[in-house]
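Chemist: Here you go, model38.csv (CSV, C-alpha atoms):
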```csv
chain,number,residue,atom,x,y,z
A,1308,MET,CA,-27.0,-17.2,-1.1
A,1309,LYS,CA,-23.5,-17.8,0.3
A,1310,ALA,CA,-22.9,-20.8,-1.9
A,1311,TRP,CA,-24.0,-18.9,-4.9
A,1312,LEU,CA,-21.7,-16.0,-4.1
A,1313,GLU,CA,-18.7,-18.3,-3.6
A,1314,GLU,CA,-19.4,-20.1,-6.9
A,1315,LEU,CA,-19.7,-16.7,-8.7
A,1316,LEU,CA,-16.3,-15.6,-7.3
A,1317,ARG,CA,-14.8,-18.8,-8.6
A,1318,GLN,CA,-15.7,-17.9,-12.1
A,1319,ARG,CA,-12.5,-16.7,-13.8
A,1320,HIS,CA,-14.0,-14.1,-16.0
A,1321,PHE,CA,-16.2,-12.6,-13.3
A,1322,LEU,CA,-13.2,-12.2,-10.9
A,1323,THR,CA,-11.1,-10.8,-13.7
A,1324,LEU,CA,-13.7,-8.2,-14.5
A,1325,VAL,CA,-14.0,-7.2,-10.8
A,1326,LEU,CA,-10.2,-6.9,-10.4
A,1327,ALA,CA,-9.9,-5.0,-13.7
A,1328,ALA,CA,-12.6,-2.5,-12.5
A,1329,ILE,CA,-10.8,-2.0,-9.3
A,1330,ALA,CA,-7.5,-1.4,-11.1
A,1331,VAL,CA,-9.0,1.0,-13.5
A,1332,GLY,CA,-10.8,3.0,-10.7
A,1333,ALA,CA,-7.6,3.1,-8.7
A,1334,VAL,CA,-5.4,4.3,-11.5
A,1335,TRP,CA,-8.0,6.9,-12.4
A,1336,ALA,CA,-7.9,8.2,-8.9
A,1337,PHE,CA,-4.1,8.3,-9.0
A,1338,ILE,CA,-4.1,10.2,-12.3
A,1339,GLU,CA,-6.5,12.7,-10.8
A,1340,LEU,CA,-4.3,13.3,-7.8
A,1341,ALA,CA,-1.3,13.6,-10.0
A,1342,ASP,CA,-3.1,16.3,-12.1
A,1343,GLU,CA,-4.1,18.2,-9.0
A,1344,LEU,CA,-0.5,18.1,-7.8
A,1345,ARG,CA,0.8,19.4,-11.1
A,1346,GLU,CA,-1.6,22.3,-11.0
A,1347,GLY,CA,-0.7,23.2,-7.4
A,1348,GLU,CA,-4.2,22.7,-6.1
A,1349,LEU,CA,-3.3,20.2,-3.4
A,1350,ALA,CA,-0.8,22.3,-1.4
A,1351,ALA,CA,-3.3,24.3,0.6
A,1352,ILE,CA,-5.4,21.3,1.6
A,1353,ASP,CA,-2.4,19.2,2.4
A,1354,GLU,CA,-0.9,21.9,4.6
A,1355,ARG,CA,-4.2,22.4,6.5
A,1356,LEU,CA,-4.7,18.7,7.1
A,1357,LEU,CA,-1.1,18.2,8.1
A,1358,HIS,CA,-1.2,21.0,10.7
A,1359,LEU,CA,-4.3,19.6,12.3
A,1360,LEU,CA,-2.1,16.7,13.5
A,1361,ARG,CA,0.6,19.0,14.9
A,1362,GLU,CA,1.0,20.8,18.2
A,1363,PRO,CA,-0.2,24.4,18.0
A,1364,GLY,CA,2.8,26.7,17.8
A,1365,ASN,CA,5.1,23.7,17.5
A,1366,PRO,CA,4.5,22.0,14.1
A,1367,ALA,CA,7.6,19.8,14.6
A,1368,GLU,CA,5.7,17.8,17.2
A,1369,PRO,CA,2.6,15.6,16.5
A,1370,ILE,CA,-0.4,15.9,18.8
A,1371,GLY,CA,-1.0,13.4,21.5
A,1372,PRO,CA,1.2,11.8,24.2
A,1373,ARG,CA,4.7,10.6,23.6
A,1374,ALA,CA,3.6,7.0,23.8
A,1375,LEU,CA,1.3,7.5,20.8
A,1376,GLU,CA,4.1,8.8,18.7
A,1377,VAL,CA,6.3,5.8,19.7
A,1378,ALA,CA,3.5,3.4,18.8
A,1379,VAL,CA,3.0,5.1,15.4
A,1380,ARG,CA,6.7,4.9,14.7
A,1381,ASP,CA,6.5,1.2,15.3
A,1382,ILE,CA,3.6,0.9,12.9
A,1383,THR,CA,5.3,2.9,10.2
A,1384,ALA,CA,8.2,0.6,10.3
A,1385,LEU,CA,6.0,-2.2,9.0
A,1386,GLY,CA,6.1,-0.4,5.7
A,1387,SER,CA,9.8,0.1,5.5
A,1388,VAL,CA,11.9,-1.6,2.9
A,1389,ALA,CA,13.7,-3.8,5.4
A,1390,VAL,CA,10.5,-5.1,7.0
A,1391,LEU,CA,8.7,-5.6,3.6
A,1392,THR,CA,11.7,-7.4,2.3
A,1393,LEU,CA,11.7,-9.7,5.3
A,1394,PHE,CA,8.0,-10.3,5.0
A,1395,VAL,CA,8.2,-11.1,1.3
A,1396,ALA,CA,11.1,-13.5,1.9
A,1397,LEU,CA,9.1,-15.3,4.7
A,1398,ALA,CA,5.9,-15.4,2.6
A,1399,VAL,CA,7.8,-16.8,-0.4
A,1400,ILE,CA,9.3,-19.5,1.8
A,1401,VAL,CA,5.8,-20.5,3.2
A,1402,LEU,CA,4.3,-20.6,-0.2
A,1403,TRP,CA,7.2,-22.6,-1.6
A,1404,MET,CA,7.0,-25.1,1.3
A,1405,GLU,CA,3.3,-25.5,0.7
A,1406,ARG,CA,4.1,-26.4,-2.9
A,1407,GLN,CA,2.6,-23.1,-4.2
A,1408,ARG,CA,5.7,-22.4,-6.2
A,1409,ARG,CA,4.0,-20.3,-8.9
A,1410,ALA,CA,2.4,-18.1,-6.2
A,1411,ALA,CA,5.8,-17.8,-4.5
A,1412,SER,CA,7.5,-16.8,-7.7
A,1413,TRP,CA,4.7,-14.3,-8.6
A,1414,LEU,CA,4.9,-12.7,-5.2
A,1415,ALA,CA,8.6,-12.1,-5.6
A,1416,ILE,CA,8.2,-10.7,-9.1
A,1417,ALA,CA,5.3,-8.5,-8.0
A,1418,SER,CA,7.2,-7.1,-5.0
A,1419,LEU,CA,10.3,-6.4,-7.1
A,1420,GLY,CA,8.2,-4.7,-9.8
A,1421,ALA,CA,6.4,-2.5,-7.2
A,1422,SER,CA,9.8,-1.4,-5.8
A,1423,VAL,CA,11.1,-0.4,-9.2
A,1424,LEU,CA,7.9,1.5,-10.0
A,1425,ASN,CA,8.0,3.3,-6.7
A,1426,VAL,CA,11.5,4.7,-7.4
A,1427,LEU,CA,10.6,5.7,-10.9
A,1428,LEU,CA,7.4,7.6,-9.9
A,1429,LYS,CA,9.2,9.5,-7.1
A,1430,SER,CA,11.8,10.6,-9.6
A,1431,VAL,CA,9.2,11.7,-12.1
A,1432,PHE,CA,7.1,13.9,-9.7
A,1433,ALA,CA,10.1,14.9,-7.5
A,1434,ARG,CA,7.9,16.5,-4.8
A,1435,GLU,CA,9.7,17.7,-1.7
A,1436,ARG,CA,8.9,16.4,1.7
A,1437,PRO,CA,6.8,18.6,4.2
A,1438,ALA,CA,9.0,21.2,5.8
A,1439,LEU,CA,7.8,20.5,9.4
A,1440,LEU,CA,10.8,18.5,10.5
A,1441,ASP,CA,14.6,19.1,10.3
A,1442,SER,CA,16.0,17.9,7.0
A,1443,GLU,CA,18.1,15.4,9.0
A,1444,LEU,CA,15.0,13.7,10.2
A,1445,LEU,CA,13.4,13.3,6.8
A,1446,PRO,CA,13.8,10.4,4.5
A,1447,GLY,CA,16.2,11.0,1.6
A,1448,SER,CA,13.7,10.2,-1.1
A,1449,PHE,CA,11.0,12.4,-2.7
A,1450,SER,CA,7.5,12.6,-1.2
A,1451,PHE,CA,4.9,11.7,-4.0
A,1452,PRO,CA,3.7,9.0,-3.9
A,1453,SER,CA,4.3,7.7,-0.5
A,1454,GLY,CA,6.5,4.7,-0.8
A,1455,HIS,CA,5.3,3.2,2.5
A,1456,ALA,CA,1.7,3.5,1.4
A,1457,PHE,CA,2.3,2.2,-2.1
A,1458,LEU,CA,4.6,-0.7,-1.2
A,1459,SER,CA,2.6,-1.8,1.8
A,1460,ALA,CA,-0.6,-1.8,-0.3
A,1461,ALA,CA,1.0,-3.5,-3.3
A,1462,ILE,CA,2.9,-6.2,-1.2
A,1463,TYR,CA,0.6,-6.9,1.7
A,1464,LEU,CA,-2.6,-7.0,-0.4
A,1465,THR,CA,-0.9,-9.2,-3.1
A,1466,ALA,CA,0.6,-11.5,-0.5
A,1467,GLY,CA,-2.7,-11.7,1.4
A,1468,ALA,CA,-4.5,-12.8,-1.8
A,1469,LEU,CA,-1.9,-15.3,-2.6
A,1470,LEU,CA,-1.7,-16.8,0.9
A,1471,THR,CA,-5.4,-17.5,0.8
A,1472,GLN,CA,-4.6,-20.2,-1.7
A,1473,VAL,CA,-3.1,-22.3,1.1
A,1474,ILE,CA,-5.9,-21.6,3.6
A,1475,ALA,CA,-8.9,-23.9,3.6
A,1476,LYS,CA,-11.3,-22.0,5.9
A,1477,PRO,CA,-13.2,-19.0,4.4
A,1478,ALA,CA,-13.3,-17.2,7.7
A,1479,THR,CA,-9.5,-17.5,8.0
A,1480,ARG,CA,-9.0,-16.2,4.5
A,1481,ALA,CA,-11.2,-13.2,5.3
A,1482,ILE,CA,-9.1,-12.5,8.4
A,1483,VAL,CA,-5.9,-12.6,6.4
A,1484,LEU,CA,-7.2,-10.2,3.8
A,1485,ALA,CA,-8.7,-7.9,6.4
A,1486,ALA,CA,-5.3,-7.9,8.2
A,1487,ALA,CA,-3.6,-6.9,5.0
A,1488,VAL,CA,-6.0,-4.0,4.5
A,1489,LEU,CA,-5.7,-2.9,8.1
A,1490,MET,CA,-1.9,-2.8,8.0
A,1491,THR,CA,-2.0,-0.9,4.7
A,1492,VAL,CA,-4.3,1.8,6.2
A,1493,LEU,CA,-2.4,2.1,9.5
A,1494,ILE,CA,0.9,2.4,7.7
A,1495,GLY,CA,-0.3,5.2,5.4
A,1496,LEU,CA,-1.9,7.1,8.3
A,1497,SER,CA,1.3,6.9,10.3
A,1498,ARG,CA,3.2,8.7,7.6
A,1499,VAL,CA,0.9,11.7,7.8
A,1500,TYR,CA,0.9,11.7,11.6
A,1501,LEU,CA,4.7,11.7,11.7
A,1502,GLY,CA,4.8,14.6,9.3
A,1503,VAL,CA,7.0,12.9,6.7
A,1504,HIS,CA,4.3,12.8,4.0
A,1505,TYR,CA,1.4,15.0,2.8
A,1506,PRO,CA,-2.1,13.3,2.9
A,1507,SER,CA,-2.2,13.4,-0.9
A,1508,ASP,CA,1.1,11.4,-1.0
A,1509,VAL,CA,-0.5,8.7,1.0
A,1510,LEU,CA,-3.7,8.7,-1.0
A,1511,ALA,CA,-1.7,8.4,-4.2
A,1512,GLY,CA,0.3,5.5,-2.7
A,1513,TRP,CA,-2.9,3.7,-1.6
A,1514,THR,CA,-4.6,4.0,-5.0
A,1515,LEU,CA,-1.5,3.0,-6.9
A,1516,GLY,CA,-0.8,0.0,-4.6
A,1517,LEU,CA,-4.4,-1.1,-4.9
A,1518,CYS,CA,-4.2,-1.0,-8.7
A,1519,TRP,CA,-0.9,-2.9,-8.6
A,1520,ALA,CA,-2.3,-5.6,-6.3
A,1521,ALA,CA,-5.5,-6.0,-8.4
A,1522,LEU,CA,-3.5,-6.4,-11.6
A,1523,CYS,CA,-1.1,-8.9,-10.0
A,1524,TRP,CA,-3.9,-10.9,-8.6
A,1525,ALA,CA,-5.8,-10.9,-11.9
A,1526,VAL,CA,-2.8,-12.0,-13.9
A,1527,PHE,CA,-2.0,-14.8,-11.4
A,1528,TRP,CA,-5.6,-16.0,-11.2
A,1529,ASN,CA,-5.8,-16.3,-15.0
A,1530,LEU,CA,-2.5,-18.0,-15.3
A,1531,ARG,CA,-3.5,-20.5,-12.7
A,1532,GLN,CA,-6.9,-21.2,-14.2
A,1533,ARG,CA,-5.2,-21.9,-17.6
```
Any chance you could give the structure as structure tokens?

Modeler:
Amino acid sequence: MKAWLEELLRQRHFLTLVLAAIAVGAVWAFIELADELREGELAAIDERLLHLLREPGNPAEPIGPRALEVAVRDITALGSVAVLTLFVALAVIVLWMERQRRAASWLAIASLGASVLNVLLKSVFARERPALLDSELLPGSFSFPSGHAFLSAAIYLTAGALLTQVIAKPATRAIVLAAAVLMTVLIGLSRVYLGVHYPSDVLAGWTLGLCWAALCWAVFWNLRQR
């Protein structure tokens, strides 16, 4: 059964269809969220969920001990532009040294494209940040979609898929992909916990990032097979 499944996944057309289905489903979810945002139907749910993670009577403070907030801030930094840029640079170097030059180039292109798309979408929707914190503590960009959630999903998932090309053991490849997914989830959750994003911002970022990663992997896979 395992051998049959591995052989099936190696088939170019089958994998392309799976990735295309993931991309279509993800972009459909993003469009639905965007429509709900335009119609103003997300505000009440977002506010309710956001306040569940804040101290009663003091919405500027997240629930839990101070150590938890510090740890979450460390996690959220993994989705910052600085850390992602450093990660992409290191991953590109590793792939290039392993003579996976096409994968290295594609990761750089995919990461740059995701960054440009993130800026464009924020400008289009122009959603203001949650009003829980002082304006000086909030990032200067708009809120929808979450850039941390989108870029971490787009870059970590794409890099994880590309890095599996230089890993021989299936178990190790699975660990790499699982780590990419875990980091993406934790980074997105950290943005809501810290009060700098609404839950719908993060969901939109995740769906868009998943779509981007699936498309990038599908294109790279087909180019490599040809």

Chemist: Do you know which residues are at most 12 Å from Trp1403 of chain A counting all atoms listed in the file, after dropping those on the same chain fewer than 2 positions away, and could you put them as a list in words?

Modeler: Val1395, Ala1396, Leu1397, Ala1398, Val1399, Ile1400, Val1401, Glu1405, Arg1406, Gln1407, Arg1408, Arg1409, Ala1410, Ala1411, Ser1412, Trp1413, Leu1414, Ala1415, Leu1469, Leu1470 and Val1473 of chain A

Chemist: Measuring between all atoms listed in the file, which one of A:Ala1525, A:Gly1467, A:Ala1511, A:Leu1360 shows the shortest distance to Trp1335 of chain A?

Modeler: A:Ala1511

Chemist: Atom CA of Ile1338 of chain A and atom CA of Leu1510 of chain A are how many Å apart?

Modeler: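 Computed distance, atom CA of Ile1338 of chain A to atom CA of Leu1510 of chain A, equals 11.4 Å.
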
Chemist: What does the distance between atom CA of Ala1341 of chain A and atom CA of Ser1430 of chain A come to in Å, to one decimal place?

Modeler: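 Separation of atom CA of Ala1341 of chain A and atom CA of Ser1430 of chain A: 13.4 Å.
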
Chemist: Per residue of segment 1370-1481 of chain A within 6 Å of segment 1487-1495 of chain A, which atom pair is closest and at what distance in Å (one decimal), using all atoms listed in the file, listed by chain and increasing number, as CSV?

Modeler:
```
residue,atom,partner,partner_atom,distance
A:Thr1383,CA,A:Ile1494,CA,5.1
A:Ala1456,CA,A:Gly1495,CA,4.8
A:Ser1459,CA,A:Thr1491,CA,5.5
A:Ala1460,CA,A:Thr1491,CA,5.3
A:Tyr1463,CA,A:Ala1487,CA,5.3
A:Leu1464,CA,A:Ala1487,CA,5.5
```

Chemist: A:Ala1351, A:Val1431, A:Ala1468, A:Ala1333: which is nearest Phe1527 of chain A, counting all atoms listed in the file?

Modeler: A:Ala1468

Chemist: Could you check the closest approach to Ala1336 of chain A for each of A:Leu1515, A:Leu1522, A:Val1379, A:Leu1324 and tell me which residue wins, using all atoms listed in the file?

Modeler: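 Of the candidates, the smallest distance to Ala1336 of chain A is held by A:Leu1515.
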
Chemist: Name all residues at most 12 Å from Asp1381 of chain A (count only C-alpha atoms; drop same-chain ones fewer than 2 positions away) and give them as a list of chain:residue names.

Modeler: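 Here the qualifying residues turn out to be A:Ala1374, A:Leu1375, A:Glu1376, A:Val1377, A:Ala1378, A:Val1379, A:Thr1383, A:Ala1384, A:Leu1385, A:Gly1386, A:Ser1387, A:Val1390, A:Met1490, A:Leu1493, A:Ile1494, A:Ser1497, A:Arg1498, A:Leu1501.
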
Chemist: Just the residues within 10 Å of Val1426 of chain A, please, counting all atoms listed in the file, with nothing from its chain fewer than 6 positions along; format it as a PyMOL selection string.

Modeler: chain A and resi 1448-1449+1452+1454

Chemist: Mind pulling up the distance from atom CA of Tyr1500 of chain A to atom CA of Pro1372 of chain A?

Modeler: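 Distance reported for this atom pair: 12.6 Å.
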
Chemist: Between A:Gly1332, A:Gly1371, A:Pro1477, A:Gly1512, which has the minimum distance to Ser1453 of chain A (counting all atoms listed in the file)?

Modeler: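 The answer is A:Gly1512, which sits nearest to Ser1453 of chain A.
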
Chemist: If we count all atoms listed in the file and set the cut-off at 10 Å, which residues sit around Glu1435 of chain A, ignoring sequence neighbours fewer than 5 positions away in its own chain? Please answer as a compact mmCIF listing (two decimals) with C-alpha atoms, keeping the file's coordinate frame.

Modeler:
```txt
# COMPACT_ATOMS: atom_id res chain seq x y z
CA LYS A 1429 9.20 9.50 -7.10
CA GLY A 1447 16.20 11.00 1.60
CA SER A 1448 13.70 10.20 -1.10
CA PHE A 1449 11.00 12.40 -2.70
CA SER A 1450 7.50 12.60 -1.20
CA PHE A 1451 4.90 11.70 -4.00
CA HIS A 1504 4.30 12.80 4.00
CA TYR A 1505 1.40 15.00 2.80
```

Chemist: Identify, on the basis of only C-alpha atoms, every residue whose closest approach to Ile1329 of chain A does not exceed 7 Å; exclude the query and any residue fewer than 4 positions from it along the same chain; express the result as a PyMOL selection string.

Modeler: chain A and resi 1325+1333+1518+1521

Chemist: When distances are computed from only C-alpha atoms, which of A:Ala1461, A:Leu1496, A:Leu1357, A:Leu1427 shows the smallest separation from Leu1517 of chain A?

Modeler: A:Ala1461

Chemist: Between A:Arg1345, A:Arg1355, A:Arg1373, A:Arg1436, which one has atoms that come closest to Gly1502 of chain A, using all atoms listed in the file?

Modeler: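 Under the stated criterion, the closest residue is A:Arg1436.
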